[in-house]
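Undergrad: Got a structure for you, my_file.pdb, holding PDB, C-alpha atoms.
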```
ATOM      1  CA  MET P  17      -2.908  -3.787  -2.676
ATOM      2  CA  ALA P  18      -0.720  -3.786  -5.723
ATOM      3  CA  ALA P  19      -1.714  -0.808  -7.761
ATOM      4  CA  SER P  20      -2.846   0.026 -11.222
ATOM      5  CA  MET P  21      -3.978  -3.092 -12.990
ATOM      6  CA  GLY P  22      -7.028  -3.205 -15.167
ATOM      7  CA  GLY P  23      -9.255  -6.058 -16.259
ATOM      8  CA  MET P  24      -7.776  -9.327 -17.346
ATOM      9  CA  GLY P  25      -8.540  -8.637 -20.991
ATOM     10  CA  ALA P  26      -6.330  -5.526 -21.209
ATOM     11  CA  PRO P  27      -4.272  -5.192 -18.055
ATOM     12  CA  HIS P  28      -2.532  -1.911 -17.318
ATOM     13  CA  ARG P  29       1.169  -1.923 -16.650
ATOM     14  CA  PRO P  30       1.882  -2.163 -12.899
ATOM     15  CA  VAL P  31       3.459   0.908 -11.331
ATOM     16  CA  LEU P  32       7.247   1.184 -11.840
ATOM     17  CA  LEU P  33       7.339  -2.316 -13.317
ATOM     18  CA  THR P  34      10.747  -2.136 -15.009
ATOM     19  CA  GLU P  35      12.354  -0.366 -12.066
ATOM     20  CA  THR P  36      10.895  -2.857  -9.579
ATOM     21  CA  THR P  37      12.034  -5.887 -11.551
ATOM     22  CA  GLU P  38      15.545  -4.516 -11.976
ATOM     23  CA  MET P  39      15.835  -3.730  -8.259
ATOM     24  CA  LEU P  40      14.643  -7.203  -7.250
ATOM     25  CA  SER P  41      17.141  -8.782  -9.670
ATOM     26  CA  PRO P  42      15.200 -12.049 -10.180
ATOM     27  CA  VAL P  43      17.873 -13.335 -12.586
ATOM     28  CA  ARG P  44      19.409 -14.849  -9.454
ATOM     29  CA  GLY P  45      16.409 -17.147  -9.072
ATOM     30  CA  GLY P  46      15.105 -18.336  -5.711
ATOM     31  CA  LEU P  47      11.976 -17.433  -3.780
ATOM     32  CA  PHE P  48      10.367 -14.012  -4.110
ATOM     33  CA  VAL P  49       7.570 -12.784  -1.848
ATOM     34  CA  ASP P  50       5.039 -10.397  -3.383
ATOM     35  CA  GLY P  51       3.375  -9.136  -0.240
ATOM     36  CA  THR P  52       0.721  -7.164  -2.117
ATOM     37  CA  LEU P  53      -0.198  -9.425  -5.011
ATOM     38  CA  GLY P  54      -3.115  -7.446  -6.420
ATOM     39  CA  MET P  55      -3.680  -8.437 -10.042
ATOM     40  CA  GLY P  56      -0.307 -10.175 -10.226
ATOM     41  CA  GLY P  57       1.539  -7.865 -12.612
ATOM     42  CA  HIS P  58       4.757  -7.602 -10.638
ATOM     43  CA  SER P  59       4.739 -11.339  -9.856
ATOM     44  CA  GLU P  60       4.271 -12.132 -13.524
ATOM     45  CA  ALA P  61       7.323 -10.046 -14.436
ATOM     46  CA  ILE P  62       9.441 -11.833 -11.822
ATOM     47  CA  LEU P  63       8.362 -15.277 -13.008
ATOM     48  CA  GLU P  64       8.967 -14.380 -16.644
ATOM     49  CA  ARG P  65      12.452 -13.063 -15.944
ATOM     50  CA  THR P  66      13.974 -16.427 -15.058
ATOM     51  CA  PRO P  67      12.723 -20.043 -14.974
ATOM     52  CA  ASP P  68      14.498 -20.561 -11.629
ATOM     53  CA  SER P  69      12.329 -18.082  -9.704
ATOM     54  CA  ARG P  70       9.339 -18.902  -7.525
ATOM     55  CA  VAL P  71       6.796 -16.457  -6.106
ATOM     56  CA  VAL P  72       4.555 -16.518  -3.071
ATOM     57  CA  GLY P  73       1.864 -13.855  -3.533
ATOM     58  CA  ILE P  74      -0.001 -12.523  -0.486
ATOM     59  CA  ASP P  75      -3.139 -10.382  -0.498
ATOM     60  CA  LYS P  76      -6.028  -9.676   1.866
ATOM     61  CA  ASP P  77      -8.512  -9.569  -0.984
ATOM     62  CA  PRO P  78      -9.886 -12.992  -2.029
ATOM     63  CA  GLU P  79     -11.113 -11.555  -5.331
ATOM     64  CA  ALA P  80      -7.618 -10.301  -6.173
ATOM     65  CA  LEU P  81      -6.146 -13.680  -5.255
ATOM     66  CA  GLU P  82      -8.566 -15.493  -7.552
ATOM     67  CA  THR P  83      -7.898 -13.141 -10.454
ATOM     68  CA  ALA P  84      -4.110 -13.244 -10.043
ATOM     69  CA  SER P  85      -4.110 -17.026  -9.645
ATOM     70  CA  LYS P  86      -5.869 -17.420 -12.994
ATOM     71  CA  ARG P  87      -3.464 -15.018 -14.620
ATOM     72  CA  LEU P  88      -0.400 -16.827 -13.238
ATOM     73  CA  SER P  89      -1.674 -20.404 -13.561
ATOM     74  CA  ARG P  90       0.661 -20.992 -16.522
ATOM     75  CA  PHE P  91       3.599 -20.950 -14.102
ATOM     76  CA  GLY P  92       2.270 -23.994 -12.252
ATOM     77  CA  SER P  93       3.923 -24.778  -8.917
ATOM     78  CA  ARG P  94       6.304 -21.827  -9.284
ATOM     79  CA  PHE P  95       3.495 -19.565  -8.044
ATOM     80  CA  GLN P  96       1.455 -19.858  -4.860
ATOM     81  CA  ALA P  97      -1.264 -17.445  -3.684
ATOM     82  CA  ILE P  98      -2.011 -16.962   0.019
ATOM     83  CA  GLN P  99      -4.723 -14.856   1.622
ATOM     84  CA  GLY P 100      -3.610 -12.657   4.485
ATOM     85  CA  ASP P 101      -1.865  -9.464   5.564
ATOM     86  CA  PHE P 102       1.716  -9.130   4.329
ATOM     87  CA  LYS P 103       2.723  -7.927   7.793
ATOM     88  CA  ASP P 104       1.926 -11.463   9.021
ATOM     89  CA  PHE P 105       4.056 -13.113   6.319
ATOM     90  CA  ARG P 106       6.059 -15.249   8.741
ATOM     91  CA  GLN P 107       2.878 -17.100   9.684
ATOM     92  CA  LEU P 108       1.759 -17.335   6.046
ATOM     93  CA  ILE P 109       4.880 -18.472   4.212
ATOM     94  CA  PRO P 110       4.725 -22.244   3.474
ATOM     95  CA  ASP P 111       6.720 -24.611   5.672
ATOM     96  CA  GLY P 112      10.181 -25.248   4.340
ATOM     97  CA  GLU P 113      10.675 -21.710   3.027
ATOM     98  CA  SER P 114      13.153 -20.171   5.453
ATOM     99  CA  SER P 115      14.419 -17.219   3.413
ATOM    100  CA  ALA P 116      13.842 -15.277   0.206
ATOM    101  CA  SER P 117      15.854 -13.717  -2.605
ATOM    102  CA  GLY P 118      13.490 -10.775  -2.786
ATOM    103  CA  PHE P 119      10.530  -9.142  -1.045
ATOM    104  CA  LEU P 120       8.173  -6.640  -2.656
ATOM    105  CA  VAL P 121       5.336  -4.533  -1.252
ATOM    106  CA  ASP P 122       3.309  -2.144  -3.423
ATOM    107  CA  LEU P 123       1.140  -0.120  -1.073
ATOM    108  CA  GLY P 124      -1.285   1.268  -3.634
ATOM    109  CA  VAL P 125      -4.919   0.253  -4.055
ATOM    110  CA  SER P 126      -5.423  -2.085  -7.011
ATOM    111  CA  SER P 127      -7.689  -1.090  -9.872
ATOM    112  CA  LEU P 128      -9.740  -4.189  -9.098
ATOM    113  CA  GLN P 129     -10.650  -2.599  -5.775
ATOM    114  CA  PHE P 130     -10.691   1.025  -6.871
ATOM    115  CA  ASP P 131     -12.894   0.428  -9.905
ATOM    116  CA  SER P 132     -15.423  -1.806  -8.117
ATOM    117  CA  PRO P 133     -18.237   0.513  -6.964
ATOM    118  CA  GLU P 134     -19.426  -1.859  -4.255
ATOM    119  CA  ARG P 135     -16.032  -1.700  -2.506
ATOM    120  CA  GLY P 136     -16.516   1.973  -1.583
ATOM    121  CA  PHE P 137     -12.951   3.127  -2.320
ATOM    122  CA  SER P 138     -13.798   5.742  -4.935
ATOM    123  CA  PHE P 139     -15.887   8.896  -4.989
ATOM    124  CA  ARG P 140     -16.478   8.281  -8.707
ATOM    125  CA  PHE P 141     -19.352   5.962  -7.788
ATOM    126  CA  ASP P 142     -22.153   6.292  -5.253
ATOM    127  CA  ALA P 143     -21.923   3.100  -3.214
ATOM    128  CA  PRO P 144     -21.835   1.942   0.414
ATOM    129  CA  LEU P 145     -18.860   3.492   2.216
ATOM    130  CA  ASP P 146     -16.980   0.258   2.938
ATOM    131  CA  MET P 147     -13.246   0.563   2.091
ATOM    132  CA  ARG P 148     -12.186  -2.784   3.596
ATOM    133  CA  MET P 149      -9.476  -4.528   1.578
ATOM    134  CA  ASN P 150     -11.175  -7.807   2.438
ATOM    135  CA  ALA P 151     -14.857  -6.998   2.062
ATOM    136  CA  SER P 152     -15.847 -10.409   3.452
ATOM    137  CA  SER P 153     -14.180  -9.717   6.800
ATOM    138  CA  THR P 154     -16.026  -8.661   9.947
ATOM    139  CA  GLY P 155     -13.900  -5.546  10.325
ATOM    140  CA  GLU P 156     -15.376  -2.076  10.697
ATOM    141  CA  THR P 157     -16.351  -0.226   7.516
ATOM    142  CA  ALA P 158     -15.553   3.434   6.890
ATOM    143  CA  ALA P 159     -19.237   4.321   7.403
ATOM    144  CA  GLU P 160     -19.269   2.524  10.762
ATOM    145  CA  LEU P 161     -16.060   4.269  11.779
ATOM    146  CA  LEU P 162     -17.532   7.710  10.999
ATOM    147  CA  GLU P 163     -20.685   6.840  12.922
ATOM    148  CA  ARG P 164     -18.733   5.767  16.018
ATOM    149  CA  LEU P 165     -15.737   8.061  16.423
ATOM    150  CA  PRO P 166     -15.847  11.442  18.200
ATOM    151  CA  GLU P 167     -15.219  14.577  16.205
ATOM    152  CA  GLU P 168     -11.673  15.027  17.525
ATOM    153  CA  GLU P 169     -10.626  11.527  16.455
ATOM    154  CA  ILE P 170     -12.111  11.913  12.969
ATOM    155  CA  ALA P 171     -10.211  15.191  12.580
ATOM    156  CA  ARG P 172      -6.982  13.531  13.751
ATOM    157  CA  ILE P 173      -7.339  10.699  11.220
ATOM    158  CA  LEU P 174      -8.004  13.103   8.348
ATOM    159  CA  TYR P 175      -5.068  15.323   9.310
ATOM    160  CA  GLU P 176      -2.475  12.658  10.108
ATOM    161  CA  LEU P 177      -3.359  10.018   7.507
ATOM    162  CA  GLY P 178      -4.692  12.256   4.749
ATOM    163  CA  GLU P 179      -2.704  15.431   5.396
ATOM    164  CA  GLU P 180      -6.003  17.293   5.107
ATOM    165  CA  ARG P 181      -5.431  20.835   6.408
ATOM    166  CA  LYS P 182      -9.144  21.471   6.924
ATOM    167  CA  SER P 183      -9.690  18.227   8.818
ATOM    168  CA  ARG P 184     -11.460  19.888  11.744
ATOM    169  CA  ARG P 185     -14.015  21.541   9.490
ATOM    170  CA  ILE P 186     -14.773  18.285   7.671
ATOM    171  CA  ALA P 187     -15.011  16.362  10.959
ATOM    172  CA  ARG P 188     -17.419  18.943  12.350
ATOM    173  CA  TRP P 189     -19.668  18.648   9.291
ATOM    174  CA  ILE P 190     -19.641  14.847   9.541
ATOM    175  CA  VAL P 191     -20.644  14.904  13.213
ATOM    176  CA  GLU P 192     -23.292  17.598  12.719
ATOM    177  CA  LYS P 193     -24.882  15.521   9.975
ATOM    178  CA  ARG P 194     -24.713  12.461  12.236
ATOM    179  CA  GLU P 195     -26.400  14.321  15.091
ATOM    180  CA  LYS P 196     -29.257  15.245  12.763
ATOM    181  CA  GLY P 197     -29.886  11.547  12.207
ATOM    182  CA  GLU P 198     -28.266  11.631   8.764
ATOM    183  CA  PRO P 199     -24.981   9.715   9.160
ATOM    184  CA  VAL P 200     -22.617   9.417   6.201
ATOM    185  CA  LYS P 201     -23.430   6.044   4.636
ATOM    186  CA  THR P 202     -22.233   6.182   1.033
ATOM    187  CA  THR P 203     -19.299   7.413  -1.006
ATOM    188  CA  GLY P 204     -21.632   9.967  -2.564
ATOM    189  CA  ASP P 205     -22.658  11.260   0.866
ATOM    190  CA  LEU P 206     -19.051  11.747   1.908
ATOM    191  CA  SER P 207     -17.841  13.212  -1.379
ATOM    192  CA  SER P 208     -20.694  15.727  -1.431
ATOM    193  CA  LEU P 209     -20.184  16.674   2.214
ATOM    194  CA  VAL P 210     -16.439  17.272   1.806
ATOM    195  CA  SER P 211     -16.960  19.261  -1.388
ATOM    196  CA  ARG P 212     -19.469  21.539   0.362
ATOM    197  CA  ALA P 213     -17.305  21.857   3.468
ATOM    198  CA  LEU P 214     -14.206  22.891   1.520
ATOM    199  CA  GLY P 215     -15.943  25.112  -1.008
ATOM    200  CA  ARG P 216     -14.709  26.059  -4.442
ATOM    201  CA  GLN P 217     -11.357  24.586  -5.504
ATOM    202  CA  ARG P 218      -8.877  25.565  -8.195
ATOM    203  CA  ARG P 219      -9.826  24.137 -11.569
ATOM    204  CA  ASP P 220      -6.594  22.103 -11.751
ATOM    205  CA  ALA P 221      -6.725  20.889  -8.140
ATOM    206  CA  ILE P 222      -7.330  17.287  -7.125
ATOM    207  CA  HIS P 223     -10.864  16.364  -6.102
ATOM    208  CA  PRO P 224     -11.537  17.910  -2.663
ATOM    209  CA  ALA P 225     -12.456  14.515  -1.167
ATOM    210  CA  THR P 226      -9.230  12.769  -2.256
ATOM    211  CA  ARG P 227      -7.365  13.227   1.038
ATOM    212  CA  THR P 228     -10.389  12.309   3.150
ATOM    213  CA  PHE P 229     -10.962   9.069   1.239
ATOM    214  CA  GLN P 230      -7.262   8.201   1.482
ATOM    215  CA  ALA P 231      -7.179   8.803   5.236
ATOM    216  CA  LEU P 232     -10.251   6.665   5.902
ATOM    217  CA  ARG P 233      -8.923   3.804   3.755
ATOM    218  CA  ILE P 234      -5.658   3.774   5.687
ATOM    219  CA  ALA P 235      -7.510   3.884   9.014
ATOM    220  CA  VAL P 236     -10.050   1.174   8.136
ATOM    221  CA  ASN P 237      -7.317  -1.233   7.035
ATOM    222  CA  ASP P 238      -4.737  -0.198   9.671
ATOM    223  CA  GLU P 239      -2.225   0.116   6.854
ATOM    224  CA  LEU P 240       0.488   1.818   8.921
ATOM    225  CA  GLY P 241       0.149  -0.250  12.085
ATOM    226  CA  GLY P 242       3.270  -2.369  12.542
ATOM    227  CA  PHE P 243       4.695  -1.323   9.166
ATOM    228  CA  ASP P 244       8.096  -0.388  10.609
ATOM    229  CA  ARG P 245       8.355  -3.751  12.351
ATOM    230  CA  PHE P 246       7.385  -5.504   9.114
ATOM    231  CA  ILE P 247      10.280  -3.871   7.231
ATOM    232  CA  ARG P 248      12.733  -5.182   9.815
ATOM    233  CA  ASP P 249      11.184  -8.669   9.630
ATOM    234  CA  ALA P 250      11.242  -8.682   5.818
ATOM    235  CA  VAL P 251      14.927  -7.735   5.702
ATOM    236  CA  ASP P 252      15.697 -10.389   8.310
ATOM    237  CA  PHE P 253      13.955 -12.984   6.095
ATOM    238  CA  LEU P 254      16.160 -12.190   3.094
ATOM    239  CA  ASP P 255      19.139 -14.222   1.927
ATOM    240  CA  ARG P 256      22.501 -12.509   1.747
ATOM    241  CA  ASP P 257      22.346 -10.081  -1.227
ATOM    242  CA  GLY P 258      18.547 -10.422  -1.141
ATOM    243  CA  ARG P 259      16.562  -7.361  -2.217
ATOM    244  CA  PHE P 260      13.710  -5.517  -0.490
ATOM    245  CA  VAL P 261      11.555  -3.131  -2.540
ATOM    246  CA  ALA P 262       8.732  -0.917  -1.265
ATOM    247  CA  ILE P 263       6.486   1.257  -3.437
ATOM    248  CA  SER P 264       4.531   3.834  -1.446
ATOM    249  CA  PHE P 265       1.916   6.403  -2.454
ATOM    250  CA  HIS P 266       1.666   8.421   0.751
ATOM    251  CA  SER P 267       4.248  10.589   2.490
ATOM    252  CA  LEU P 268       3.758   8.795   5.823
ATOM    253  CA  GLU P 269       4.412   5.396   4.227
ATOM    254  CA  ASP P 270       7.466   6.704   2.401
ATOM    255  CA  ARG P 271       8.806   8.318   5.592
ATOM    256  CA  ILE P 272       8.552   5.027   7.482
ATOM    257  CA  VAL P 273      10.355   3.156   4.690
ATOM    258  CA  LYS P 274      13.072   5.820   4.486
ATOM    259  CA  GLN P 275      13.656   5.927   8.250
ATOM    260  CA  GLU P 276      13.744   2.133   8.671
ATOM    261  CA  LEU P 277      16.121   1.626   5.758
ATOM    262  CA  ARG P 278      18.424   4.310   7.155
ATOM    263  CA  ARG P 279      18.410   2.640  10.560
ATOM    264  CA  LEU P 280      19.057  -0.789   9.023
ATOM    265  CA  SER P 281      21.951   0.704   7.050
ATOM    266  CA  GLY P 282      23.578   1.756  10.316
ATOM    267  CA  ILE P 283      22.689   5.459  10.262
ATOM    268  CA  CYS P 284      21.930   6.534  13.829
ATOM    269  CA  SER P 285      18.881   8.729  14.356
ATOM    270  CA  CYS P 286      19.625   9.585  17.990
ATOM    271  CA  PRO P 287      20.198  13.246  19.009
ATOM    272  CA  SER P 288      23.794  14.320  18.471
ATOM    273  CA  ARG P 289      24.260  14.947  22.204
ATOM    274  CA  ALA P 290      23.049  11.487  23.243
ATOM    275  CA  PRO P 291      25.896   9.631  25.023
ATOM    276  CA  LEU P 292      24.834   6.245  23.609
ATOM    277  CA  CYS P 293      22.838   5.076  20.579
ATOM    278  CA  SER P 294      19.369   3.941  21.603
ATOM    279  CA  CYS P 295      17.714   3.725  18.164
ATOM    280  CA  GLY P 296      19.208   0.318  17.439
ATOM    281  CA  ALA P 297      20.908   1.333  14.187
ATOM    282  CA  THR P 298      22.858  -1.623  12.789
ATOM    283  CA  LYS P 299      24.454  -1.964   9.361
ATOM    284  CA  LEU P 300      22.525  -4.885   7.862
ATOM    285  CA  ILE P 301      21.739  -3.495   4.424
ATOM    286  CA  GLU P 302      23.017  -1.352   1.597
ATOM    287  CA  ILE P 303      20.482   1.220   0.406
ATOM    288  CA  LEU P 304      20.135   1.008  -3.384
ATOM    289  CA  THR P 305      18.078   4.197  -3.826
ATOM    290  CA  ARG P 306      19.749   7.363  -2.527
ATOM    291  CA  ARG P 307      16.563   9.136  -3.582
ATOM    292  CA  PRO P 308      13.198   7.473  -4.187
ATOM    293  CA  VAL P 309      12.594   6.269  -7.733
ATOM    294  CA  THR P 310       9.515   7.925  -9.238
ATOM    295  CA  PRO P 311       7.508   7.297 -12.424
ATOM    296  CA  THR P 312       8.491   8.941 -15.685
ATOM    297  CA  ASP P 313       6.231  11.499 -17.315
ATOM    298  CA  ASP P 314       5.324   8.883 -19.917
ATOM    299  CA  GLU P 315       4.190   6.410 -17.247
ATOM    300  CA  ILE P 316       2.122   9.060 -15.467
ATOM    301  CA  GLU P 317       0.466   9.991 -18.759
ATOM    302  CA  LEU P 318      -0.481   6.338 -19.327
ATOM    303  CA  ASN P 319      -1.464   5.768 -15.698
ATOM    304  CA  PRO P 320      -2.279   8.958 -13.716
ATOM    305  CA  ARG P 321      -2.638   6.917 -10.506
ATOM    306  CA  ALA P 322       1.126   6.347 -10.601
ATOM    307  CA  ARG P 323       1.923  10.039 -10.123
ATOM    308  CA  SER P 324       2.596   9.851  -6.360
ATOM    309  CA  ALA P 325       4.469   6.520  -6.375
ATOM    310  CA  LYS P 326       7.905   6.358  -4.734
ATOM    311  CA  LEU P 327      10.138   3.284  -4.806
ATOM    312  CA  ARG P 328      12.873   2.609  -2.261
ATOM    313  CA  ALA P 329      15.067  -0.491  -2.223
ATOM    314  CA  CYS P 330      17.915  -2.108  -0.342
ATOM    315  CA  LYS P 331      20.231  -5.133  -0.517
ATOM    316  CA  LYS P 332      20.942  -7.275   2.521
ATOM    317  CA  LEU P 333      24.618  -7.567   3.427
TER     318      LEU P 333
END
```
Just give me the structure of the file as structure tokens.

TA:
Amino acid sequence: MAASMGGMGAPHRPVLLTETTEMLSPVRGGLFVDGTLGMGGHSEAILERTPDSRVVGIDKDPEALETASKRLSRFGSRFQAIQGDFKDFRQLIPDGESSASGFLVDLGVSSLQFDSPERGFSFRFDAPLDMRMNASSTGETAAELLERLPEEEIARILYELGEERKSRRIARWIVEKREKGEPVKTTGDLSSLVSRALGRQRRDAIHPATRTFQALRIAVNDELGGFDRFIRDAVDFLDRDGRFVAISFHSLEDRIVKQELRRLSGICSCPSRAPLCSCGATKLIEILTRRPVTPTDDEIELNPRARSAKLRACKKL
């Protein structure tokens, strides 16, 4: 899911590239896990930084893996691509690799996915409403999800995962259209429906369907399921002084990262009146980012998709 890379001929700069590389500190060498390989921009920067570093890149998307593998082929055996979900990394990491110097996850959608009409991630194209990170999987598409779920559940997904304040209105329109025998099947169908449901927007506002598309993508790919547990597992997999870096684009993702890093740094989240700590806070890490690192104005101007990115990092003690 690594965000913001263009075609191989003229690749865009990955989000927060300099900041990510500095936080990971690959000058120490060792194994680095890029849990969201995407087009391979972050992995390339790690491998270029020191000849002693190795990278295992994980991605659900076979097309992204193929593209990144070609891009990084010049590094030979120092790079290995693996298809799968980064949350399952313990089952994916090659035998013999028992720890890592650094672990990166970039939770954005890659340009390869976003700019491919047939993938159904963008309302800029009229295409089947798919949204699966791995389009060859047998998982449920966004269109199938909207055809199956009751109105209340659709509204919940749009509100909780997309922070869409008018989620109930949009859900009602979706179900009414479905009941007329006209289910939402394409990105154009959904974009048009949301635009009509929400009415006129401010001229400088984001596209009215942005939050709905984001919510459905997160739901289809279960992006938040088990994410807190993954952060704990990733930190546990690190060497002493190893670095963990997470780049999020959604407030729910960022909140999970923030809360887990606080807990792993020993900050108790239990109510002040609780007689004993039950949250399991243990000082295992040092937080390196008191506040999330965000893109500069120059980066946002070059890559508008970076505008909501937030980077948080820690070092294992």

Undergrad: Please expand the PyMOL selection byres ((chain P and resi 161) around 12) into the concrete residues it hits in this file, giving the result as a PyMOL selection string.

TA: chain P and resi 145-148+155-160+162-167+169-170+173+190-191+194+199-201+231-233+235-237

Undergrad: Selection in question (the file shown): the PyMOL selection byres ((chain P and resi 65) around 9). Which residues does it include, as a list in words?

TA: Thr37, Ser41, Pro42, Val43, Gly45, Glu60, Ala61, Ile62, Leu63, Glu64, Thr66, Pro67, Asp68 and Ser69 of chain P

Undergrad: Residues proximal to (17.7, -5.5, 10.4) were defined as those with any atom within 9 Å of that point in the file's coordinates, counting all atoms listed in the file. Which are they, as a list of chain:residue names?

TA: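 Output of the proximity query reads P:Ile247, P:Arg248, P:Asp249, P:Ala250, P:Val251, P:Asp252, P:Glu276, P:Leu277, P:Arg279, P:Leu280, P:Ser281, P:Ala297, P:Thr298, P:Lys299, P:Leu300, P:Ile301, P:Lys332.
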
Undergrad: One number please: atom CA of P:Phe260 to atom CA of P:Asp101, in Å, one decimal.

TA: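 About the pair atom CA of P:Phe260 and atom CA of P:Asp101: they are 17.2 Å apart.
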
Undergrad: For this file, the PyMOL selection byres ((chain P and resi 175) around 12) selects which residues, as a PyMOL selection string?

TA: chain P and resi 168-174+176-187+227-232+235+268

Undergrad: For stretch 37-54 of chain P, take all atoms listed in the file, fit an axis-aligned box around them, add 6 Å to each of the six sides, then output centre and edge lengths in Å rounded to one decimal, as lines of an AutoDock Vina configuration file.

TA:
```
center_x = 8.1
center_y = -11.0
center_z = -6.4
size_x = 34.5
size_y = 26.6
size_z = 24.3
```

Undergrad: From the set P:Asp50, P:Glu317, P:Asp205, P:Glu302, which residue has the shortest atom-to-atom contact distance to P:Phe139, counting all atoms listed in the file?

TA: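 Result for the nearest residue to P:Phe139: P:Asp205.
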
Undergrad: Name the residues, using the chain letters and numbers of the file, that sit within 9 Å of (7.8, -6.7, 5.2) when counting all atoms listed in the file, and give them as a list of chain:residue names.

TA: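 Protein, DNA and RNA residues close to (7.8, -6.7, 5.2): P:Gly51, P:Phe102, P:Lys103, P:Asp104, P:Phe105, P:Phe119, P:Leu120, P:Val121, P:Phe243, P:Asp244, P:Arg245, P:Phe246, P:Ile247, P:Arg248, P:Asp249, P:Ala250, P:Val251, P:Phe253, P:Phe260, P:Ala262.
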
Undergrad: Please indicate the distance in Å from atom CA of P:Ser267 to atom CA of P:Asp313, rounded to one decimal place.

TA: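 Interatomic distance, atom CA of P:Ser267 to atom CA of P:Asp313: 19.9 Å.
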
Undergrad: Please provide the set of residues having any atom within 8 Å of P:Gln96, restricted to all atoms listed in the file, with same-chain residues fewer than 5 positions apart removed, written as a PyMOL selection string.

TA: chain P and resi 71-73+85

Undergrad: For atom CA of P:Glu198 and atom CA of P:Gly215, quote the distance in Å rounded to one decimal.

TA: 20.7 Å

Undergrad: I need the residue nearest P:Val125 from this list: P:Gly100, P:Gly112, P:Gly54, P:Pro78. Use all atoms listed in the file for the distance.

TA: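 Of P:Gly100, P:Gly112, P:Gly54, P:Pro78, the one nearest P:Val125, counting all atoms listed in the file, is P:Gly54.
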
Undergrad: Looking at only C-alpha atoms, which of P:Gly124, P:Gly118, P:Pro110, P:Pro30 is the one that sits closest to P:Thr52?

TA: P:Gly124

Undergrad: Quick one: residues within 10 Å of P:Glu269, all atoms listed in the file counted, chain neighbours fewer than 3 positions away excluded, as an MDAnalysis selection string?

TA: chainID P and resid 123 177 239:240 243:244 262:266 272:274 326

Undergrad: If we count only C-alpha atoms, what is near P:Arg259 at a cut-off of 6 Å, once residues fewer than 3 positions away on the same chain are taken out, given as a PDB file with C-alpha atoms, in the coordinates of the input?

TA:
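Result written to around07.pdb:
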```pdb
ATOM      1  CA  LEU P  40      14.643  -7.203  -7.250  1.00  0.00           C
ATOM      2  CA  GLY P 118      13.490 -10.775  -2.786  1.00  0.00           C
ATOM      3  CA  CYS P 330      17.915  -2.108  -0.342  1.00  0.00           C
ATOM      4  CA  LYS P 331      20.231  -5.133  -0.517  1.00  0.00           C
TER       5      LYS P 331
END
```

Undergrad: Hey, which of P:Gly282, P:Thr310, P:Leu206, P:Phe95 ends up closest to P:Gly296? Count all atoms listed in the file.

TA: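 For P:Gly296, the nearest of the given residues is P:Gly282.
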
Undergrad: With only C-alpha atoms as the basis for distance, which of P:Arg278, P:Lys76, P:Arg289, P:Arg323 is at the shortest distance from P:Ile303?

TA: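 The closest residue to P:Ile303 is P:Arg278.
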
Undergrad: May I ask which of the residues P:Ser117, P:Gln107, P:Thr226, P:Gln99 is the closest one to P:Met149, counting all atoms listed in the file?

TA: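 Residue with the minimum atom-to-atom distance to P:Met149: P:Gln99.
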